[in-house]
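Right, one structure below, let's go through it.
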Amino acid sequence: MDTTCTRRRCVFNALTHVAVWLVLILIPLMVQLRYSDEINIRHITRTWLMLLGLGISFYANFSLAIDKFLYTKKYFYFIIFNILVFIVARYLDTLFNWAIDCALNIEHKNGHESFSAWDWVRLYNSIIFYTLGVGASLGLRYITRVAEIDADRERLQHEKLETEVNLLKYQLQPHFFFNTLNNIYSLIGQTPTDAQKAVHSLSKMMRYVLYDNTATHIALKSELEFISNFVSLKRLSLGSNVDTQFNFPEDTYGFTLPPLLLIPLVENAFKHGVIPGEPSSIICNITVTSERLDFEIKNTINTSKENEDRSHSGIGLQNLKRLLDLQYGKTYSLTSSKDDKENIYTAKLTLPSTTIDRTR
């Protein structure tokens with residue numbers, strides 16, 4: 001795709017240059033036809049020769065001198081280069097004018113004769129046209145250079161964002177499976193049957209992580225199935241005093257979102273919401289419309305867990321915020337609150353139906 005765009009841009013630029021020069025060449029001809037029935041070949045050709053000098057100065061600087069000398073701060077070489085090109089342009093102008101005069105049987109003065117007033121005017125015109133060519137090349141090259149720098153910056157930014165999104169996604173996965181394997185390990189010695197079920201559930205989840213979520217965005221229905229498997233797995237290690245309620249919508253309206261986007265909030269609720277030996281609750285409600293998704297999860301607060309958290313669980317939530325920033329910009333809302341009186345922690349996430357995918 002980049003190659004196609006580059007080719008199209010080159011063709012467009014070439015056609016633009018051709019169109020501009022055609023206009024510059026035709027204007028003197030049209031002016032003469034407007035005010036005279038006959039075309040003065042000598043005047044037209046001399047005007048075109050001045051345009052030739054302008055073109056030589058423009059393309060010599062645009063394609064070579066500006067990048068090679070001016071942008072590398074070799075100003076002396078830039079000046080010498082333009083002086084030499086101007087001499088060549090003047091030589092060609094004189095040579096072609098002589099050839100045209102010979103073709104039109106116009107008598108030429110001898111070489112030892114001094115410059116006439118008209119010769120000085122032509123020299124002045126040549127200097128002006130050459131200077132205009134240099135100025136035009138500087139202006140266009142500057143605009144082109146700025147556009148190239150902006151395009152490179154945007155391309156690098158997109159590549160950086162895409163790399164960060166992939167990195168963050170794979171940082172979430174080991175963090176999640178690390179905690180899950182710890183739960184399975186604790187079940188092996190207590191209830192081997194439940195441990196086998198847990199391994200089977202984990203294999204389904206690993207299949208989803210490794211193969212089913214390779215796209216930038218996946219269906220909300222698939223993400224909810226993944227969360228259901230996760231909750232079922234977590235319930236195997238929980239006691240009867242933990243109340244878990246997960247209410248999912250029946251109609252997801254074809255909603256899509258980045259994979260593994262919701263699981264950090266669910267995992268965080270289980271990690272900090274279960275109080276050993278005491279009644280605990282984790283309640284999650286997800287509602288979806290054609291315009292937005294509202295995710296809310298509440299859990300009791302395990303104060304001892306907050307004070308002694310050595311598992312670095314904050315990595316998941318930090319990465320979640322970063323991933324949301326990259327994918328949604330400022331169009332999402334993530335808030336959290338604590339009710340110390342009820343000992344309840346609430347996290348709310350709102351996503352728009354249209355994702356701002358900044359990796360493309």
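Starting from 1 in every chain, residues are counted up; chains themselves are A, B, ... following the order of the structure tokens, and ligands are numbered from 1 as listed.
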- Pick out the residues sitting within 10 Å of Gln190 of chain A, and hand them over as JSON, numbers by chain; count only C-alpha atoms, and ignore anything fewer than 5 positions along from it in its own chain. {"A": [185, 195, 237]}
- Find the spatial neighbours of Pro276 of chain A, counting only C-alpha atoms, within a cut-off of 12 Å - ignore same-chain residues fewer than 5 positions away - and output them as a PyMOL selection string. chain A and resi 237-242+270-271+281+300-305
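Residue nearest Gly135 of chain A within the list A:Arg207, A:Asn61, A:Pro259, A:Phe177: A:Asn61 [criterion: smallest interatomic distance, only C-alpha atoms].
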- Note on the structure: Min atom-atom distance to Val134 of chain A from the set A:Lys68, A:Phe58, A:Glu154, A:Phe178, counting only C-alpha atoms, belongs to A:Phe58
- Fewer than 4 positions away in the same chain doesn't count, so skip those; otherwise give me all residues within 12 Å of Ile87 of chain A, counting only C-alpha atoms, as a PyMOL selection string. chain A and resi 53+56-57+80-83+91-94+123+126-127+130
- Query: Could you write out, as a PyMOL selection string, all the residues of segment 119-276 of chain A that DSSP marks as strand (DSSP E or B)?
  - Reply: chain A and resi 218-219+242-247+256-257
Let me see the file: selected residues, all heavy atoms, as a CSV table (one decimal), in the first residue's frame.
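Saved file part33.csv follows:
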```csv
chain,number,residue,atom,x,y,z
A,218,ILE,N,-12.1,-7.8,18.6
A,218,ILE,CA,-12.9,-9.0,18.5
A,218,ILE,C,-14.3,-8.7,19.0
A,218,ILE,O,-14.6,-7.7,19.6
A,218,ILE,CB,-12.3,-10.1,19.4
A,218,ILE,CG1,-12.0,-9.6,20.8
A,218,ILE,CG2,-11.0,-10.6,18.8
A,218,ILE,CD1,-13.0,-9.8,21.8
A,219,ALA,N,-15.2,-9.7,18.7
A,219,ALA,CA,-16.6,-9.5,19.1
A,219,ALA,C,-16.8,-9.5,20.6
A,219,ALA,O,-16.1,-10.3,21.3
A,219,ALA,CB,-17.5,-10.6,18.5
A,242,VAL,N,-18.6,-16.4,49.3
A,242,VAL,CA,-18.3,-15.4,48.3
A,242,VAL,C,-19.4,-15.3,47.3
A,242,VAL,O,-19.7,-16.3,46.6
A,242,VAL,CB,-17.0,-15.6,47.6
A,242,VAL,CG1,-16.7,-14.6,46.5
A,242,VAL,CG2,-15.8,-15.7,48.6
A,243,ASP,N,-20.1,-14.2,47.2
A,243,ASP,CA,-21.2,-14.0,46.3
A,243,ASP,C,-20.7,-13.4,45.0
A,243,ASP,O,-20.2,-12.3,45.0
A,243,ASP,CB,-22.3,-13.2,46.9
A,243,ASP,CG,-23.5,-12.9,46.0
A,243,ASP,OD1,-23.7,-13.8,45.1
A,243,ASP,OD2,-24.1,-11.9,46.2
A,244,THR,N,-20.8,-14.1,43.9
A,244,THR,CA,-20.4,-13.6,42.6
A,244,THR,C,-21.6,-13.5,41.7
A,244,THR,O,-22.3,-14.5,41.4
A,244,THR,CB,-19.3,-14.5,42.0
A,244,THR,OG1,-19.8,-15.9,41.8
A,244,THR,CG2,-18.1,-14.6,42.8
A,245,GLN,N,-21.8,-12.4,41.1
A,245,GLN,CA,-22.9,-12.2,40.2
A,245,GLN,C,-22.4,-11.4,39.0
A,245,GLN,O,-21.9,-10.3,39.1
A,245,GLN,CB,-24.1,-11.3,40.9
A,245,GLN,CG,-24.7,-11.9,42.1
A,245,GLN,CD,-25.7,-11.0,42.7
A,245,GLN,OE1,-26.4,-10.3,42.0
A,245,GLN,NE2,-25.9,-11.1,44.0
A,246,PHE,N,-22.6,-12.1,37.8
A,246,PHE,CA,-22.1,-11.5,36.6
A,246,PHE,C,-23.3,-11.5,35.6
A,246,PHE,O,-23.8,-12.5,35.2
A,246,PHE,CB,-21.0,-12.3,36.0
A,246,PHE,CG,-19.6,-12.0,36.6
A,246,PHE,CD1,-19.3,-12.5,37.9
A,246,PHE,CD2,-18.7,-11.1,36.1
A,246,PHE,CE1,-18.1,-12.2,38.5
A,246,PHE,CE2,-17.5,-10.8,36.7
A,246,PHE,CZ,-17.2,-11.4,37.9
A,247,ASN,N,-23.8,-10.3,35.3
A,247,ASN,CA,-24.9,-10.1,34.5
A,247,ASN,C,-24.5,-9.6,33.1
A,247,ASN,O,-24.0,-8.4,33.0
A,247,ASN,CB,-25.9,-9.1,35.1
A,247,ASN,CG,-26.3,-9.6,36.5
A,247,ASN,OD1,-26.7,-10.7,36.7
A,247,ASN,ND2,-26.2,-8.7,37.5
A,256,THR,N,-17.7,-4.5,19.2
A,256,THR,CA,-16.3,-5.0,19.1
A,256,THR,C,-15.5,-4.2,20.0
A,256,THR,O,-15.7,-3.0,20.3
A,256,THR,CB,-15.8,-5.0,17.7
A,256,THR,OG1,-15.7,-3.7,17.2
A,256,THR,CG2,-16.6,-5.9,16.8
A,257,LEU,N,-14.4,-4.8,20.5
A,257,LEU,CA,-13.4,-4.1,21.4
A,257,LEU,C,-12.1,-4.9,21.3
A,257,LEU,O,-12.0,-6.0,20.9
A,257,LEU,CB,-14.0,-4.1,22.8
A,257,LEU,CG,-14.0,-5.3,23.6
A,257,LEU,CD1,-14.3,-5.0,25.1
A,257,LEU,CD2,-14.9,-6.4,23.1
```
